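Encoded as structure tokens, the structure appears first; notes follow it.
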Amino acid sequence: MNRARALVLAGLTLALPWLLASGALAGLPDALRLTLAFAALVLLPGHALLSATGALPPGGVWLSSSWALGFGVGWLGLLILVTRMLHMPFTVLTTGAALPSALLWLLTLRAMPVPAKPARPGKPAKPAAPDELHPLALAAILVAALLAALHCARLGTPVAYYTDSPDHIGTIRRMMAGGDAFPTDAFFKDAGAMGADPRKGLWHPCVALIATLSKTDPLVAWRGLAALLAPLFVLSAAAFAFLIGGSLTAAAGGWALLLTYGGSLGTQYLREAVFATKLADQLALATITAVLFDLSQRTRASRLAAIGLALGTVAAHVFPALQFAVVFGALGVGLLLRDRGFSPVLRRMVTTVALLGAACLPYLLWRAQLSYAPNNIIHLEPQGLLLLGGSAKVISVGVLWDWLGGAWLLFPLSWWAYTKHAQKPAVLVLLTTSVAVALLLFCPPLVALLHPKLGYLLMRFVWLLPLSGAVAFAVDRIVAGVREGGAARLRAAVAMVVLLALLRAPLAEGAHALLHPQDIARADAAVSVERWIAPLRWMDLHLPAGSVILSDPATSYSIPMMTRHFVATLVDQHSSPNDSLALTRILEARDALSPYASWARTREVVAHHGVTAIALNDRFTSVPQLDYWAPDPAWYRAARARFDAESLAFHPVYATQGFVVYTIDREALDSLAQRGLAGHARNNTRQYVPQRDGVALRIADDSPALQGFRLSAPQAHPGDTLSALLDWRVLSRLPAGSYDVAMRFDQPVPGSQTWPAWCAKPVRKLIEKRRGERYRFRVDHIPTDGDYGVDLWSPFEVVRDSMSVVIPGDVAPGDYQVQVRMLRQPHYPNFHLSDYFLDHDYYSGVPVGTLKITRAAARH
């Protein structure tokens, strides 16, 4: 590092925070201030520490920012921990981090290149410095990084009501307000120890500091940071791929990250780069790259780089501790088998991993002691499983398709090729990691051992697969085969066809996302919490600070996301693993807000959580797709009428365009409850009379029986919307949970050929794909939208449920059998292996009628 350059960067690191905090740069756009704050607090200190070690990533200095990110997160996280030890609000670091961060640059002046030790006999000579990228490869990587930044800047991080974003932004806002880096009251005023969340590490307070320094709202910072982080993900993937085959492979790895991350650029995952989980995934890849690079460099600098990156990774999120255990454990086994003994390379790897583990262990133990006590029933319920028969179960293979797309097949298809090139540690990592993940997810004894302890987190091991590296390896082998000629060229051609087939969807979706971002923006806007941002801002300004607001689940977390207030419920599984009251909170909000509840029940919930205000929201474009209950327009109108009728107890203080806020007069509410006033009588229930209603169709022991069914029309066209009425009756009281009504429409595939039952489903799907039309479709629905929960139903009543049925535009004409089933299922359903092959599957129900679908007559 040049002395003059180090002094300039030290001055910049010192000056930027003060310029931003003083307001001298207030005239700059939000995005530019956010960039400067991110640079001042994270990237510049990270570069200082990386320079002090004397290390560079594979590919050279142009990729170093991906490593500086890890060092910067670790450094700022360390300062946050220091403020906690000193019982100071971590927000003092907004400007307080400037001086110690600037002093880091002085370390670079003392850092001298450490000469490599002479190679021992039989050892290959170590390169003095990493190879640099070819200029064309570097240009390709930078273009990919630029496109990643452009994509995320145009669209921003999604803030849909069902995503993690409202949860995270609310936590960050609470941190900024209270100065506590680990708040337990981010959402619930009465949470106590149950509010401690082991999933939120030091990255969230880092974001809080960046937002504070840049003087941007946490929502703006959260949505904008993805554009700064996603390009660094591309650089990190390129550095790993460089170890596989050099410059060309590095360029392929960078582009593969852009186009295949989370399945494709058309998904939300790259735009979630600001999520601690996504950031930690890429920092973990950088750490793995550093450990592999150290095996060839064998210097103090390369080892320090691996340790520093590991610290930054676990500071962002604790899950990579498990990732490191899997990846490095599997790599150790691979090296042991490859080298047929405890080779020098294996010894180096074990020592480095032991050192980084020792460095991370104190923080991990502290976090475990502080917050890890999983007892959230929503999290602990077995889910995301594939039942093989008997007690044997594995993780559902659907998670591979959901999170990686079809490109995950590159791993098993490349296993043989990986073994042929396993002398390269990066290739060996592709082999050992993918085999380890396959065993963890699909080996029944291991799943039986781990799933009770990790729950649905076991599904996250899919993200351990470095898909960009697999694509880069495939490109490297194809190019090598073309150059070799002969039979190798033919194999390369076949490999190219397979690769393009697997990447066809990501390439098409990526091109569409880059060329038509408005389509994604339109879909985002339909489910974004920003649809009701004006009422949220009003609540922040006009309700007393620290108010506790009762709302529906979909609205709930948007309140702490944008205000200083607390809530009384949550959306589905978005709660701390420690929160044993998660499901109770959801059901209590349902009961208290129900138009049909007694005032005594409403008062009970209000008193239990100290509720001071109620918010009713009708700004959804469609009924929210939630697990337990969701508000629809009819519910909103009835709930509003109920509260409007008792204006002495519920004062409407805001009512604009389908959003109403009431403050609560507790004395008046007590009076209502003491008078024993009930809510409105339900118009969707009737007494069960056996002589009139007859015997219900029993579907399963753990679900209600179907008492009656009616479809609004016997015939329809594609694109039509029908209504269905279903009458249900429970034969005995059922537990609370996530219930789903599945209504399926089936007709036989055309032709006289009869296929064996064991392959009927894949054959049907192939025929549908070839003919471009469907012969089966399904509509799902929460019974009564959850307002009258199944757990409240009585065996002595019949409950009428209604649902809309939209006929898809691509269904084939014909006579469809209608089947209905109600299931109680977790957030991630559990399937049987047969469900992937048999047409009679998880969603098969009892036949209830037929529907004739015809083509609409052509207009002249």
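Chain identifiers are assigned as A, B, and so on, following the order in which chains appear in the structure tokens; residues are numbered from 1 within each chain, and ligands are numbered from 1 in order of appearance.
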
*Write out as JSON, numbers by chain which residues come within 10 Å of A:Pro829 when counting only C-alpha atoms, dropping same-chain ones fewer than 5 positions away.*
{"A": [382, 383, 384, 385, 386, 396, 823, 824, 842]}

Residues from last step as file, C-alpha atoms, as a compact mmCIF listing (two decimals), in the first residue's frame:
# COMPACT_ATOMS: atom_id res chain seq x y z
CA PRO A 382 -42.27 -30.94 11.39
CA GLN A 383 -42.33 -29.37 7.94
CA GLY A 384 -40.69 -29.42 4.55
CA LEU A 385 -40.36 -33.21 4.70
CA LEU A 386 -40.70 -35.98 2.14
CA SER A 396 -38.54 -32.43 0.29
CA LEU A 823 -55.78 -30.25 5.21
CA ARG A 824 -54.00 -29.11 8.33
CA TYR A 842 -51.49 -35.20 -1.22

*Any chance you could list, as a PyMOL selection string, the residues in stretch 539-711 of chain A that come up strand (DSSP E) when DSSP is run on the backbone?*
chain A and resi 548-550+566-567+613-617+650-656+659-664+685-687+705-711

_Residues near A:Gly610, cut-off 9 Å, only C-alpha atoms, skip fewer than 3 positions along chain, as JSON, numbers by chain_ = {"A": [189, 190, 547, 548, 549, 568, 605, 606, 607]}

*Closest of A:Gly357, A:Leu337, A:Ala211, A:Trp408 to A:Ala422 - atom-to-atom distances counting only C-alpha atoms*: A:Leu337

If we count only C-alpha atoms and set the cut-off at 9 Å, which residues sit around A:Pro783, ignoring sequence neighbours fewer than 6 positions away in its own chain? Please answer as a compact mmCIF listing (two decimals) with C-alpha atoms, in the first residue's frame.
# COMPACT_ATOMS: atom_id res chain seq x y z
CA TRP A 629 -56.21 -16.06 8.89
CA TYR A 739 -55.86 -25.27 7.58
CA ASP A 740 -56.17 -25.22 3.81
CA VAL A 741 -59.05 -26.09 1.49
CA GLY A 789 -61.03 -20.63 12.77
CA VAL A 790 -61.52 -24.37 12.52
CA ASP A 801 -67.43 -21.40 3.51
CA SER A 802 -67.21 -19.60 0.20
CA MET A 803 -64.31 -19.34 -2.20
CA MET A 822 -59.27 -29.79 3.81

*Taking into account only C-alpha atoms, which residue in the set A:Ala760, A:Ala589, A:Leu449, A:Leu346 is nearest to A:Thr569?*
A:Ala589

*Residue nearest A:Ser165 - candidates A:Val274, A:Ala191, A:Val811, A:Leu370, atoms counted: only C-alpha atoms*: A:Val274

Residue contacts of A:Arg564 (8 Å, only C-alpha atoms) excluding same-chain residues fewer than 5 positions away, as a compact mmCIF listing (two decimals) with all heavy atoms, in the first residue's frame:
# COMPACT_ATOMS: atom_id res chain seq x y z
N ARG A 173 -35.25 -0.19 13.06
CA ARG A 173 -35.81 1.07 13.58
C ARG A 173 -35.80 1.09 15.11
O ARG A 173 -35.51 2.11 15.73
CB ARG A 173 -37.24 1.26 13.06
CG ARG A 173 -37.81 2.65 13.33
CD ARG A 173 -39.19 2.81 12.73
NE ARG A 173 -39.18 2.74 11.29
CZ ARG A 173 -38.89 3.76 10.48
NH1 ARG A 173 -38.59 4.94 11.00
NH2 ARG A 173 -38.91 3.60 9.17
N ARG A 174 -36.12 -0.05 15.73
CA ARG A 174 -36.09 -0.12 17.19
C ARG A 174 -34.66 0.06 17.70
O ARG A 174 -34.43 0.71 18.72
CB ARG A 174 -36.66 -1.46 17.66
CG ARG A 174 -36.89 -1.54 19.16
CD ARG A 174 -38.08 -0.70 19.59
NE ARG A 174 -39.31 -1.21 18.99
CZ ARG A 174 -40.41 -0.50 18.86
NH1 ARG A 174 -40.46 0.74 19.29
NH2 ARG A 174 -41.50 -1.02 18.31
N ALA A 177 -33.79 3.70 17.61
CA ALA A 177 -34.50 4.49 18.62
C ALA A 177 -33.94 4.26 20.02
O ALA A 177 -33.87 5.19 20.83
CB ALA A 177 -35.99 4.15 18.59
N ASP A 540 -47.29 7.24 13.27
CA ASP A 540 -46.03 7.56 13.93
C ASP A 540 -46.05 8.99 14.48
O ASP A 540 -45.52 9.26 15.56
CB ASP A 540 -44.89 7.39 12.93
CG ASP A 540 -43.53 7.50 13.59
OD1 ASP A 540 -43.34 6.89 14.67
OD2 ASP A 540 -42.65 8.19 13.05
N ALA A 545 -46.00 7.82 21.50
CA ALA A 545 -44.88 6.91 21.28
C ALA A 545 -45.03 5.68 22.16
O ALA A 545 -45.40 5.78 23.33
CB ALA A 545 -43.56 7.61 21.58
N GLY A 546 -44.75 4.51 21.58
CA GLY A 546 -44.86 3.27 22.33
C GLY A 546 -46.25 2.71 22.40
O GLY A 546 -46.52 1.82 23.23
N SER A 547 -47.16 3.21 21.56
CA SER A 547 -48.50 2.64 21.52
C SER A 547 -48.43 1.17 21.10
O SER A 547 -47.54 0.77 20.36
CB SER A 547 -49.38 3.40 20.53
OG SER A 547 -49.58 4.73 20.94

Got a sec: who's within 8 Å of A:Leu219, counting only C-alpha atoms, leaving out chain neighbours fewer than 5 positions off, as a CSV table (one decimal) with N, CA, C and O atoms, in the first residue's frame?
chain,number,residue,atom,x,y,z
A,169,ILE,N,-36.7,-4.5,9.0
A,169,ILE,CA,-36.7,-3.0,9.1
A,169,ILE,C,-37.2,-2.5,10.5
A,169,ILE,O,-36.7,-1.6,11.1
A,561,MET,N,-42.2,-1.4,11.5
A,561,MET,CA,-41.3,-1.1,10.4
A,561,MET,C,-41.3,0.4,10.1
A,561,MET,O,-40.2,0.9,9.8
A,562,MET,N,-42.4,1.1,10.3
A,562,MET,CA,-42.5,2.5,9.9
A,562,MET,C,-42.7,3.5,11.1
A,562,MET,O,-42.8,4.7,10.9

_Run DSSP on the backbone and tell me which residues of stretch 769-859 of chain A come out as helix (DSSP H, G or I); list them as a list of chain:residue names._
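In stretch 769-859 of chain A, DSSP puts these residues in helix (DSSP H, G or I): A:Lys769, A:Arg770, A:Arg771, A:Pro783, A:Thr784, A:Asp785, A:Gly786, A:Val790, A:Asp791, A:Leu792, A:Leu833, A:Ser834, A:Asp835, A:Tyr836.
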
Prev. selection, C-alpha atoms, output as an mmCIF file, in the first residue's frame:
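Result went into result37.cif, see below:
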data_model
loop_
_atom_site.group_PDB
_atom_site.id
_atom_site.type_symbol
_atom_site.label_atom_id
_atom_site.label_comp_id
_atom_site.auth_asym_id
_atom_site.auth_seq_id
_atom_site.Cartn_x
_atom_site.Cartn_y
_atom_site.Cartn_z
ATOM 1 C CA LYS A 769 -45.798 -29.445 -21.533
ATOM 2 C CA ARG A 770 -45.794 -30.787 -25.079
ATOM 3 C CA ARG A 771 -49.388 -29.768 -25.870
ATOM 4 C CA PRO A 783 -61.499 -21.873 5.338
ATOM 5 C CA THR A 784 -63.593 -18.758 6.030
ATOM 6 C CA ASP A 785 -60.333 -16.869 5.390
ATOM 7 C CA GLY A 786 -59.475 -17.915 8.924
ATOM 8 C CA VAL A 790 -61.517 -24.369 12.518
ATOM 9 C CA ASP A 791 -60.438 -24.642 16.150
ATOM 10 C CA LEU A 792 -63.599 -22.712 17.116
ATOM 11 C CA LEU A 833 -42.736 -39.794 -2.173
ATOM 12 C CA SER A 834 -45.731 -41.159 -4.068
ATOM 13 C CA ASP A 835 -47.055 -37.600 -4.460
ATOM 14 C CA TYR A 836 -44.406 -36.998 -7.118
#

*Near A:Gly809, counting only C-alpha atoms, which residues have an atom at most 12 Å away, once you skip same-chain residues fewer than 5 positions from it, shown as a ChimeraX atom specification?*
/A:716-721,772-775,777,853-856

Export of the given selection (N, CA, C and O atoms) as a PDB file, in the first residue's frame:
ATOM      1  N   ALA A 716     -68.071 -23.384 -17.662  1.00  0.00           N
ATOM      2  CA  ALA A 716     -67.280 -22.156 -17.619  1.00  0.00           C
ATOM      3  C   ALA A 716     -66.290 -22.135 -18.776  1.00  0.00           C
ATOM      4  O   ALA A 716     -66.035 -23.160 -19.416  1.00  0.00           O
ATOM      5  N   HIS A 717     -65.720 -20.965 -19.019  1.00  0.00           N
ATOM      6  CA  HIS A 717     -64.669 -20.785 -20.010  1.00  0.00           C
ATOM      7  C   HIS A 717     -63.360 -20.460 -19.296  1.00  0.00           C
ATOM      8  O   HIS A 717     -63.368 -19.933 -18.167  1.00  0.00           O
ATOM      9  N   PRO A 718     -62.218 -20.711 -19.927  1.00  0.00           N
ATOM     10  CA  PRO A 718     -60.940 -20.263 -19.343  1.00  0.00           C
ATOM     11  C   PRO A 718     -60.968 -18.755 -19.103  1.00  0.00           C
ATOM     12  O   PRO A 718     -61.419 -17.982 -19.944  1.00  0.00           O
ATOM     13  N   GLY A 719     -60.511 -18.361 -17.927  1.00  0.00           N
ATOM     14  CA  GLY A 719     -60.533 -16.954 -17.542  1.00  0.00           C
ATOM     15  C   GLY A 719     -61.738 -16.553 -16.717  1.00  0.00           C
ATOM     16  O   GLY A 719     -61.749 -15.477 -16.109  1.00  0.00           O
ATOM     17  N   ASP A 720     -62.776 -17.402 -16.685  1.00  0.00           N
ATOM     18  CA  ASP A 720     -63.961 -17.095 -15.878  1.00  0.00           C
ATOM     19  C   ASP A 720     -63.658 -17.228 -14.389  1.00  0.00           C
ATOM     20  O   ASP A 720     -62.724 -17.931 -13.979  1.00  0.00           O
ATOM     21  N   THR A 721     -64.483 -16.570 -13.584  1.00  0.00           N
ATOM     22  CA  THR A 721     -64.406 -16.704 -12.128  1.00  0.00           C
ATOM     23  C   THR A 721     -65.739 -17.228 -11.610  1.00  0.00           C
ATOM     24  O   THR A 721     -66.786 -16.619 -11.855  1.00  0.00           O
ATOM     25  N   GLY A 772     -49.052 -27.822 -24.447  1.00  0.00           N
ATOM     26  CA  GLY A 772     -49.290 -26.442 -24.044  1.00  0.00           C
ATOM     27  C   GLY A 772     -50.642 -26.205 -23.403  1.00  0.00           C
ATOM     28  O   GLY A 772     -51.188 -25.093 -23.480  1.00  0.00           O
ATOM     29  N   GLU A 773     -51.199 -27.209 -22.757  1.00  0.00           N
ATOM     30  CA  GLU A 773     -52.467 -27.054 -22.059  1.00  0.00           C
ATOM     31  C   GLU A 773     -52.503 -27.991 -20.865  1.00  0.00           C
ATOM     32  O   GLU A 773     -51.809 -29.008 -20.841  1.00  0.00           O
ATOM     33  N   ARG A 774     -53.318 -27.628 -19.880  1.00  0.00           N
ATOM     34  CA  ARG A 774     -53.374 -28.402 -18.635  1.00  0.00           C
ATOM     35  C   ARG A 774     -54.658 -29.207 -18.556  1.00  0.00           C
ATOM     36  O   ARG A 774     -55.701 -28.797 -19.059  1.00  0.00           O
ATOM     37  N   TYR A 775     -54.549 -30.316 -17.831  1.00  0.00           N
ATOM     38  CA  TYR A 775     -55.706 -31.179 -17.603  1.00  0.00           C
ATOM     39  C   TYR A 775     -56.008 -31.301 -16.107  1.00  0.00           C
ATOM     40  O   TYR A 775     -56.831 -32.114 -15.701  1.00  0.00           O
ATOM     41  N   PHE A 777     -56.015 -28.548 -12.493  1.00  0.00           N
ATOM     42  CA  PHE A 777     -55.644 -27.313 -11.799  1.00  0.00           C
ATOM     43  C   PHE A 777     -56.273 -27.328 -10.413  1.00  0.00           C
ATOM     44  O   PHE A 777     -57.196 -28.104 -10.146  1.00  0.00           O
ATOM     45  N   ILE A 853     -65.704 -27.343 -19.005  1.00  0.00           N
ATOM     46  CA  ILE A 853     -64.971 -26.173 -19.473  1.00  0.00           C
ATOM     47  C   ILE A 853     -64.955 -26.197 -20.997  1.00  0.00           C
ATOM     48  O   ILE A 853     -64.587 -27.203 -21.616  1.00  0.00           O
ATOM     49  N   THR A 854     -65.379 -25.107 -21.592  1.00  0.00           N
ATOM     50  CA  THR A 854     -65.415 -24.986 -23.051  1.00  0.00           C
ATOM     51  C   THR A 854     -64.637 -23.746 -23.476  1.00  0.00           C
ATOM     52  O   THR A 854     -64.479 -22.794 -22.696  1.00  0.00           O
ATOM     53  N   ARG A 855     -64.183 -23.768 -24.699  1.00  0.00           N
ATOM     54  CA  ARG A 855     -63.523 -22.598 -25.250  1.00  0.00           C
ATOM     55  C   ARG A 855     -64.562 -21.498 -25.505  1.00  0.00           C
ATOM     56  O   ARG A 855     -65.672 -21.777 -25.956  1.00  0.00           O
ATOM     57  N   ALA A 856     -64.164 -20.277 -25.184  1.00  0.00           N
ATOM     58  CA  ALA A 856     -65.069 -19.162 -25.462  1.00  0.00           C
ATOM     59  C   ALA A 856     -65.220 -18.996 -26.968  1.00  0.00           C
ATOM     60  O   ALA A 856     -64.279 -19.188 -27.737  1.00  0.00           O
TER      61      ALA A 856
END

*asked:* Calculated over only C-alpha atoms, which of the candidates A:Leu581, A:Ile559, A:Ala501, A:Leu248 has the smallest distance to A:Ala615?
replied: A:Ile559

Which residues of stretch 179-248 of chain A come within 12 Å of stretch 553-557 of chain A, and for each one, what is the closest pair of atoms and their distance in Å to one decimal, counting only C-alpha atoms, sorted by chain and residue number, as a tab-separated table?
residue	atom	partner	partner_atom	distance
A:Ala186	CA	A:Tyr557	CA	9.7
A:Phe187	CA	A:Tyr557	CA	7.3
A:Phe188	CA	A:Tyr557	CA	10.1

Written file, previous selection with N, CA, C and O atoms, as a short mmCIF file (atom, residue, chain, number, x, y, z; two decimals), in the first residue's frame:
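Written out: out-v7.cif:
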data_model
loop_
_atom_site.label_atom_id
_atom_site.label_comp_id
_atom_site.auth_asym_id
_atom_site.auth_seq_id
_atom_site.Cartn_x
_atom_site.Cartn_y
_atom_site.Cartn_z
N ALA A 186 -38.56 -5.55 19.71
CA ALA A 186 -38.66 -4.97 18.37
C ALA A 186 -40.10 -4.86 17.91
O ALA A 186 -40.45 -3.93 17.18
N PHE A 187 -40.95 -5.80 18.32
CA PHE A 187 -42.33 -5.82 17.85
C PHE A 187 -43.32 -5.82 19.00
O PHE A 187 -44.33 -5.13 18.96
N PHE A 188 -43.02 -6.62 20.02
CA PHE A 188 -43.97 -6.83 21.11
C PHE A 188 -43.45 -6.18 22.39
O PHE A 188 -42.35 -6.51 22.86
#

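Residue nearest A:Leu41, chosen from A:Ala21, A:Ala321, A:Leu500, A:Leu213 and counting only C-alpha atoms: A:Leu213.
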
Considering only C-alpha atoms, give me a table of residues in stretch 207-245 of chain A that are at most 12 Å from stretch 131-138 of chain A, with the closest atom pair and distance in Å for each, as CSV.
residue,atom,partner,partner_atom,distance
A:Val234,CA,A:Leu138,CA,11.6
A:Leu235,CA,A:Leu138,CA,9.9
A:Ala238,CA,A:Leu138,CA,9.4
A:Ala239,CA,A:Leu133,CA,9.7
A:Ala241,CA,A:Leu133,CA,11.5
A:Phe242,CA,A:Leu133,CA,8.4
A:Leu243,CA,A:Asp131,CA,10.1
A:Gly245,CA,A:Leu133,CA,11.3
